[in-house]
Each structure stands twice: as structure tokens, then as C-alpha cells.
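Q: My questions will all concern the structure given below.
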Amino acid sequence: MMYDWNRQRPSAMPYHRYRPAHERVEVPLTDRTWPARRITEAPLWVPVDLRDGNQALAEPMDPARKRRMFDLLVRMGYKEIEVGYPSASQMDFDFVRHLATPGVVPDDVSVVVFTAARRDLIERTFAAIEGMSRVVVHLYTATAPTWREIVLGHDRAELHAMIRDAAEHVARLAGDRDIRFQFSPEVFNLTEPDYVLEVCNSLTALWDASPDRPVIHNLPATVEIATPNVYADQIEYMHRHLDRRDAVILSVHPHNDRGTGVACAELAVLAGAQRVEGCLFGNGERTGNVDLVTLALNLHSQGVDPMVDLSDIDEVRRVVEHCNRLPVPDRHPYAGDLVYTAFSGTHQDAIKKGLAHHAERAAELGVPPEQAPWDVPYLPIDPADVGRDYQAVIRVNSQSGKGGIAYLLHTRYGLELPRRLQIDFSSVVQRATDGSGEEITAEELWELFHATYIAPGESAAPVEWKAVETGPGVHEFEGTLPDGRRLHGTGNGPLAALTSALAADGTEVDILHYAEHALDPGRGGRAIAYVEVRAGGVTRWGAAQDTSVLTASVQAVLAAVTRARSAGSVAAQGPAAVEAPAQGPAAVEASAQG
């Protein structure tokens with residue numbers, strides 16, 4: 001008698017309403033070769049955060065955020081960047097015109113502008129790029145039967161004629177300028193392969209593609225509908241049948257509706273794709289575009305140069321979170337707060353032994369640990385490669401379990417530590433308990449937290465200070481250091497004014513994270529503020545509590561700066577000795593949100 005190992009039973013889900021992919025689109029490839037290939041070099045990465053990512057945001061980026069995102073992409077090393085849909089909105093048009101300002105776009109960077117296959121929209125697009133060089137005009141039209149027949153109301157021949165007319169108009173307007181052409185048959189993965197091939201080959205000829213002026217055919221999985229191997233088969237079919245193959249850059253644009261966007265992109269590269277469009281951390285419509293960060297670091301983990309700089313992944317994440325107004329999840333590959341953290345004791349033990357072995361191996365090879373081959377359990381890459389380190393959240397006692405430190409501080413003292421501060425404090429606790437091996441009580445945890453993050457802001461004799469709003473959106477901070485030197489600065493909020501004052505005194509400070517909450521209910525209750533700063537290249541947390549939120553916020557900044565200064569880097573910037581001012585301000589006429 002066979003053992004009944006699978007006891008699942010039919011569900012009530014209406015699965016019968018849906019057709020499998022092989023019934024929706026033909027995939028004629030049968031002699032696939034992509035499974036036997038390996039990825040040995042990075043494709044051309046093309047971030048579309050400023051167009052596809054931006055259009056998916058509940059609150060699209062303003063011009064300042066767009067420029068900050070563009071500058072980040074340039075610093076990271078991207079050489080082709082889709083910058084907008086200039087015919088879709090005045091804001092997109094104006095941003096492209098801003099990029100036309102001499103010196104804004106580096107000489108080795110190409111910008112891509114997106115347009116639908118309509119003459120009026122194409123003309124508006126060319127007006128936006130007037131005076132620019134190294135531009136790619138990206139023409140798109142949906143070609144799948146459902147979109148073709150229901151949305152556009154065309155048959156195959158009519159739609160092909162419309163696309164050709166638009167492509168001819170693009171070529172006429174481009175003339176002999178330094179403009180290249182791109183075409184996307186939107187919803188490629190649901191379009192008949194013979195029809196996509198017919199349209200793409202037609203445009204290759206129309207645009208007279210050549211190896212020294214190649215066209216881009218971008219084949220989107222606009223909505224994921226199948227397993228990644230199906231998309232790979234579709235890409236290999238196109239790779240093997242496109243005309244003038246040496247004059248065509250084969251590009252892919254996977255989405256993540258089934259959660260397999262990364263796998264689709266990687267298998268597509270195996271199948272012949274040379275260029276991948278996506279967004280940092282996978283922002284985009286619905287479940288997002290493919291994540292370019294994960295793709296790049298997947299290559300890095302395989303010993304392949306990703307061709308972009310992710311050595312400070314937290315800075316990349318901070319900019320992206322600011323521009324998108326969306327958080328990167330704690331478990332996001334490579335970038336989340338918890339991806340280099342082990343809660344399990346067995347994992348911690350394996351990693352600790354692996355790191356010790358790594359250090360020994362590096363010594364044997366006579367190289368620094370950061371240059372030695374990496375082979376540590378549970379850590380696919382060295383966290384230091386992306387500016388991070390391994391953190392273990394330790395077991396505090398037998399009752400507390402995972403996350404015990406944060407749990408005890410919250411339940412006993414009301415603290416709601418930000419995630420990165422939890423990780424930072426866990427290492428402090430680890431050092432404090434390593435020697436004795438004993439468990440630590442909630443009272444001891446609080447004393448350690450106070451000594452580490454709060455006391456540095458309380459160590460100086462009280463002096464008078466004030467923060468006032470001198471005009472709409474303009475705040476001024478004034479104070480006196482114990483040695484008699486005056487602090488003075490202005491900013492768009494009290495904390496911005498404080499950092500300006502510290503900068504004027506020789507200490508450059510960036511506030512990376514700010515959080516605060518009430519500790520006591522009702523009016524007059526205490527509040528606590530947590531601040532993460534970067535000062536002199538050193539990142540440190542500080543905290544403070546007071547009945548005034550502003551006072552707590554100022555004290556927390558000064559505590560964090562004092563800790564950073566103690567690490568030795570801030571002192572090298574200037575002679576300023578940062579000391580904490582009084583426990584209460586002389587005049588408070590602003591909120592702490594600076």
C-alpha cells in the first residue's frame with residue numbers, strides 16, 4: 001500500500017476562468033539552446049525609474065526628486081537612462097528640457113525619451129529633445145491581440161501600417177542628428193511571434209539599421225503570464241530570426257506580476273538579450289519592474305563585473321526611498337535592513353565560524369580580508385562589498401526569543417527603535433555580553449542603551465540655545481558652546497538649521513534618519529527622538545528624551561554627532577568640539593520636523 005504523503009484537496013478557487021500560457025500564445029521554438037549557456041558579462045542596464053517607475057507612483061516625483069534620481073543613476077555608472085515621457089505631461093517635458101542644459105548630461109551618457117506611435121506626440125517629443133545629442137527616441141505600441149482588438153480597434157495589417165507611419169515620422173524628424181531609434185511591441189510576450197518578427201524586421205529596414213547605428217528592439221513582458229523559461233524561449237526565437245542581427249540591440253523589459261521578473265531577465269540574457277530595462281529595487285506598475293539592483297548583484301555574486309557601483313547600497317536606497325516616497329522592504333535582496341542579519345542561533349554560529357575561517361584564509365594568502373575569495377555560510381556576498389556588515393540579533397533570554405532586545409525595551413520602557421537602530425544596538429549588546437556569556441535583563445539593556453545613545457548628549461554643562469522660525473519655511477538656530485563659541489545657522493527646519501550651525505563651526509553633518517514618539521500619554525508627557533547622522537564619514541545613532549519634542553530632537557542630533565566625533569573622523573574636519581547644550585531651549589517657536 002502506497003503512503004498517502006500528499007493530502008491536499010481541491011480548492012474553491014475559480015481557476016477554471018484562466019487559460020495557461022501555451023493556449024494564449026504560440027512559442028515555436030523547440031530546439032532551445034539557452035539552458036546550456038552561462039552569463040559571463042553584464043548586459044547594458046537601462047534604468048527606467050524616471051519614466052516607467054515614476055508613472056507608477058501615487059505621487060510622481062517633483063523636478064528636484066527627478067534630478068536627484070538622475071544624478072544618482074549617473075554616479076552609479078548607468079550610461080543609458082530613460083528620462084521621461086515628454087508628451088505625456090508638462091512636468092516631464094520641462095525635465096527633459098532641463099537635461100538639455102549644457103553640462104547636465106555627461107558626454108558618455110545617452111538619454112532615452114518615450115513616445116506613443118502618434119504624430120502629435122512624436123512632434124512634442126522632438127521639441128523636448130531639441131539641442132540634445134546622444135538621444136534614443138523610444139517608440140511603443142501594444143501589439144498583443146487583446147490590446148490590438150479591444151483597446152486600439154485594429155487588425156494586424158492596420159496596426160502595422162500605423163506603426164510604420166509613426167516610425168517614418170520619427171526618422172524624418174531625426175534627420176541626420178545624433179539620434180538612435182528604439183521600438184517596443186508592448187505586451188510582446190502575448191503577441192504572435194510571427195507578427196512581432198514582421199513588425200520589428202520592417203522597422204529595422206525602414207530605419208536602415210547598421211552596426212555603427214543599431215536599432216533597439218525592446219521586447220517587454222508587460223504583464224507576466226508564464227514561467228520564465230517561456231519568456232526565454234520567446235527571446236531566443238527573436239534572437240535567431242531577427243533580420244540584420246548585428247545591427248539590432250535585443251532588449252528586454254520584464255515586469256514582476258508572477259514574482260519572477262529577475263528570473264525572466266536572467267534567462268532572457270542567456271537566450272540572447274543584450275540590454276535590460278528595469279528600476280532600482282523593482283519599483284513600477286502593479287508588482288513592479290524587474291529590479292536592476294538584484295540583477296547586478298546576482299552577477300557580482302557569480303564573479304561577473306556588474307558594471308555599476310553598488311558599494312554604498314544604503315545611500316542608493318536612501319535616495320530611491322526619498323524620490324519614490326516608498327520604503328525598500330526589510331527583506332529585499334541585498335538592500336533590506338535584515339538581509340545580513342541572523343536571528344537563528346545555528347545560523348549565527350555558522351556565520352561566526354565562517355567569518356573566522358575567512359580571516360584565517362586571507363592571512364594565509366597574504367591579502368586583506370576584503371580581497372580574499374568569499375565562502376561564508378548563509379552570506380552569498382560579503383556585506384562589506386555593498387557598505388554593510390554582518391549583524392546578529394542575539395537571544396536576550398529564554399523568553400524573549402527573536403528580536404528580544406527591541407521587544408524588552410518596548411514592553412518595559414516604551415521604546416520603538418527604528419529597524420537600523422535595533423541592528424546597531426544589538427551589536428552593542430553582543431559586545432557587552434560576550435565576555436560573561438550571561439543573559440541580560442531589561443534594566444541592564446536600558447542602562448546600556450542610555451549610556452551608548454543618550455548620555456553623549458547630556459555630558460556637557462547646560463548653555464542657552466534657541467530655535468525660531470524667522471519666516472515661512474526659514475528657521476534659525478543659535479546656541480553657545482561651553483567654551484564660549486557661538487553656533488548660528490539657518491535651514492528649512494530646526495534640525496536643518498542646527499546642522500547648518502554645526503557645519504559653520506567645522507562639523508559637516510547629514511541627518512540620515514529621524515524618528516520620534518511619545519513615551520507618556522497626555523499633554524506634557526515625555527517624548528523620545530532617534531537620529532542617525534553621518535559626520536566626517538562616520539555614521540552613528542543618537543537618542544534623547546524630553547517633554548519637548550524639539551529639545552529631544554536637538555539633543556539626539558548632538559548625541560549622534562558626539563559619538564561620531566569620538567570615532568575620530570569628525571575631529572579631522574575641523575576644530576569644533578561638539579558639546580550638548582541645555583536640557584531646554586530659551587525659546588522654541590518651531591516643530592522638530594526639520
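Ligands are numbered from 1 in the order shown, residues from 1 within each chain, and chains are lettered A, B, ... in the order they appear in the C-alpha cells.
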Compile a residue-level contact table for stretch 315-427 of chain A against stretch 498-513 of chain A at a cut-off of 10 Å, reporting for every qualifying residue the shortest atom pair and its distance in Å to one decimal, with only C-alpha atoms counted, rows ordered by chain and ascending number, as CSV.
A:
residue,atom,partner,partner_atom,distance
A:Glu315,CA,A:Leu512,CA,9.1
A:Arg318,CA,A:Leu512,CA,8.0
A:Pro418,CA,A:His513,CA,8.9
A:Arg420,CA,A:His513,CA,9.4
A:Leu421,CA,A:His513,CA,9.8
Q: Could you pull the residues within 10 Å of stretch 108-122 of chain A, counting only C-alpha atoms, minus those fewer than 4 positions along the same chain, as a ChimeraX atom specification?
A: /A:46-48,51-52,74,77-88,92-93,96,99,126-129,132-142,162-170,173,179-184
Q: Hey, can you check how far atom CA of A:His450 sits from atom CA of A:Ala342?
A: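 These atoms are spaced 24.9 Å apart.
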Q: Taking the backbone alone, and naming residues the way the document does, which bits of stretch 497-554 of chain A are strand (DSSP E) by DSSP, as JSON, numbers by chain?
A: {"A": [509, 510, 511, 512, 513, 514, 515, 516, 517, 518, 527, 528, 529, 530, 531, 532, 533, 534, 535, 538, 539, 540, 541, 542, 543, 544, 545, 546]}
Q: Would you list the contacts of A:Arg275 as a PDB file with N, CA and C atoms, in the first residue's frame, taking every protein, DNA or RNA residue within 10 Å and counting only C-alpha atoms, but skipping same-chain residues closer than 3 positions in sequence?
A:
ATOM      1  N   ALA A  42      27.962  41.509 -18.066  1.00  0.00           N
ATOM      2  CA  ALA A  42      26.715  42.221 -17.805  1.00  0.00           C
ATOM      3  C   ALA A  42      26.129  42.747 -19.105  1.00  0.00           C
ATOM      4  N   PRO A  43      24.809  42.695 -19.241  1.00  0.00           N
ATOM      5  CA  PRO A  43      24.176  43.382 -20.363  1.00  0.00           C
ATOM      6  C   PRO A  43      24.222  44.895 -20.133  1.00  0.00           C
ATOM      7  N   LEU A  44      23.769  45.650 -21.103  1.00  0.00           N
ATOM      8  CA  LEU A  44      23.602  47.088 -20.899  1.00  0.00           C
ATOM      9  C   LEU A  44      22.370  47.294 -20.030  1.00  0.00           C
ATOM     10  N   TRP A  45      22.585  47.858 -18.847  1.00  0.00           N
ATOM     11  CA  TRP A  45      21.458  48.150 -17.948  1.00  0.00           C
ATOM     12  C   TRP A  45      20.859  49.507 -18.321  1.00  0.00           C
ATOM     13  N   VAL A  46      19.548  49.585 -18.391  1.00  0.00           N
ATOM     14  CA  VAL A  46      18.884  50.850 -18.712  1.00  0.00           C
ATOM     15  C   VAL A  46      17.805  51.115 -17.658  1.00  0.00           C
ATOM     16  N   ILE A 216      17.257  49.494 -31.541  1.00  0.00           N
ATOM     17  CA  ILE A 216      16.951  48.707 -30.345  1.00  0.00           C
ATOM     18  C   ILE A 216      15.549  48.128 -30.507  1.00  0.00           C
ATOM     19  N   HIS A 217      15.437  46.828 -30.436  1.00  0.00           N
ATOM     20  CA  HIS A 217      14.123  46.197 -30.345  1.00  0.00           C
ATOM     21  C   HIS A 217      13.968  45.685 -28.916  1.00  0.00           C
ATOM     22  N   ASN A 218      13.034  46.310 -28.208  1.00  0.00           N
ATOM     23  CA  ASN A 218      12.815  46.044 -26.790  1.00  0.00           C
ATOM     24  C   ASN A 218      11.549  45.203 -26.653  1.00  0.00           C
ATOM     25  N   ILE A 249      20.120  45.756 -31.360  1.00  0.00           N
ATOM     26  CA  ILE A 249      20.352  45.523 -29.935  1.00  0.00           C
ATOM     27  C   ILE A 249      19.066  44.925 -29.389  1.00  0.00           C
ATOM     28  N   LEU A 250      19.144  43.687 -28.950  1.00  0.00           N
ATOM     29  CA  LEU A 250      17.961  42.984 -28.449  1.00  0.00           C
ATOM     30  C   LEU A 250      17.809  43.278 -26.956  1.00  0.00           C
ATOM     31  N   SER A 251      16.699  43.919 -26.613  1.00  0.00           N
ATOM     32  CA  SER A 251      16.475  44.415 -25.257  1.00  0.00           C
ATOM     33  C   SER A 251      15.246  43.737 -24.651  1.00  0.00           C
ATOM     34  N   VAL A 252      15.216  43.638 -23.318  1.00  0.00           N
ATOM     35  CA  VAL A 252      14.057  43.078 -22.625  1.00  0.00           C
ATOM     36  C   VAL A 252      13.607  44.020 -21.514  1.00  0.00           C
ATOM     37  N   HIS A 253      12.337  43.889 -21.166  1.00  0.00           N
ATOM     38  CA  HIS A 253      11.714  44.764 -20.174  1.00  0.00           C
ATOM     39  C   HIS A 253      10.725  43.930 -19.367  1.00  0.00           C
ATOM     40  N   ALA A 265      14.521  38.030 -16.625  1.00  0.00           N
ATOM     41  CA  ALA A 265      15.614  38.818 -17.205  1.00  0.00           C
ATOM     42  C   ALA A 265      16.877  37.979 -17.369  1.00  0.00           C
ATOM     43  N   ALA A 268      16.444  35.531 -20.130  1.00  0.00           N
ATOM     44  CA  ALA A 268      16.421  36.243 -21.405  1.00  0.00           C
ATOM     45  C   ALA A 268      17.834  36.587 -21.865  1.00  0.00           C
ATOM     46  N   VAL A 269      18.710  36.949 -20.929  1.00  0.00           N
ATOM     47  CA  VAL A 269      20.105  37.229 -21.294  1.00  0.00           C
ATOM     48  C   VAL A 269      20.771  35.949 -21.800  1.00  0.00           C
ATOM     49  N   GLY A 272      19.880  35.477 -25.424  1.00  0.00           N
ATOM     50  CA  GLY A 272      20.363  36.389 -26.457  1.00  0.00           C
ATOM     51  C   GLY A 272      20.128  37.854 -26.212  1.00  0.00           C
TER      52      GLY A 272
END
Q: Which polymer residues have any atom within 12 Å of an atom of stretch 325-333 of chain A, counting only C-alpha atoms, with same-chain residues fewer than 2 positions away left out, as a PyMOL selection string?
A: chain A and resi 53-54+56-62+65+262+280-284+291-298+313-314+316-323+335-342+379-381+383+386+418-420+423
Q: Write down as a ChimeraX atom specification the residues belonging to stretch 286-382 of chain A that are assigned alpha helix (DSSP H) by DSSP computed on the backbone.
A: /A:292-301,313-324,345-365
Q: Distance atom CA of A:Leu448-atom CA of A:Gln348, one decimal place?
A: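 Separation of atom CA of A:Leu448 and atom CA of A:Gln348: 22.5 Å.
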Q: Find the distance between atom CA of A:Ile454 and atom CA of A:Thr490 and write it in Å to one decimal.
A: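 Distance reported for this atom pair: 25.3 Å.
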Q: Restricting the calculation to only C-alpha atoms: of A:Ala21, A:Ala559, A:Leu72, A:Ala171, which residue gets closest to A:Val308?
A: A:Leu72
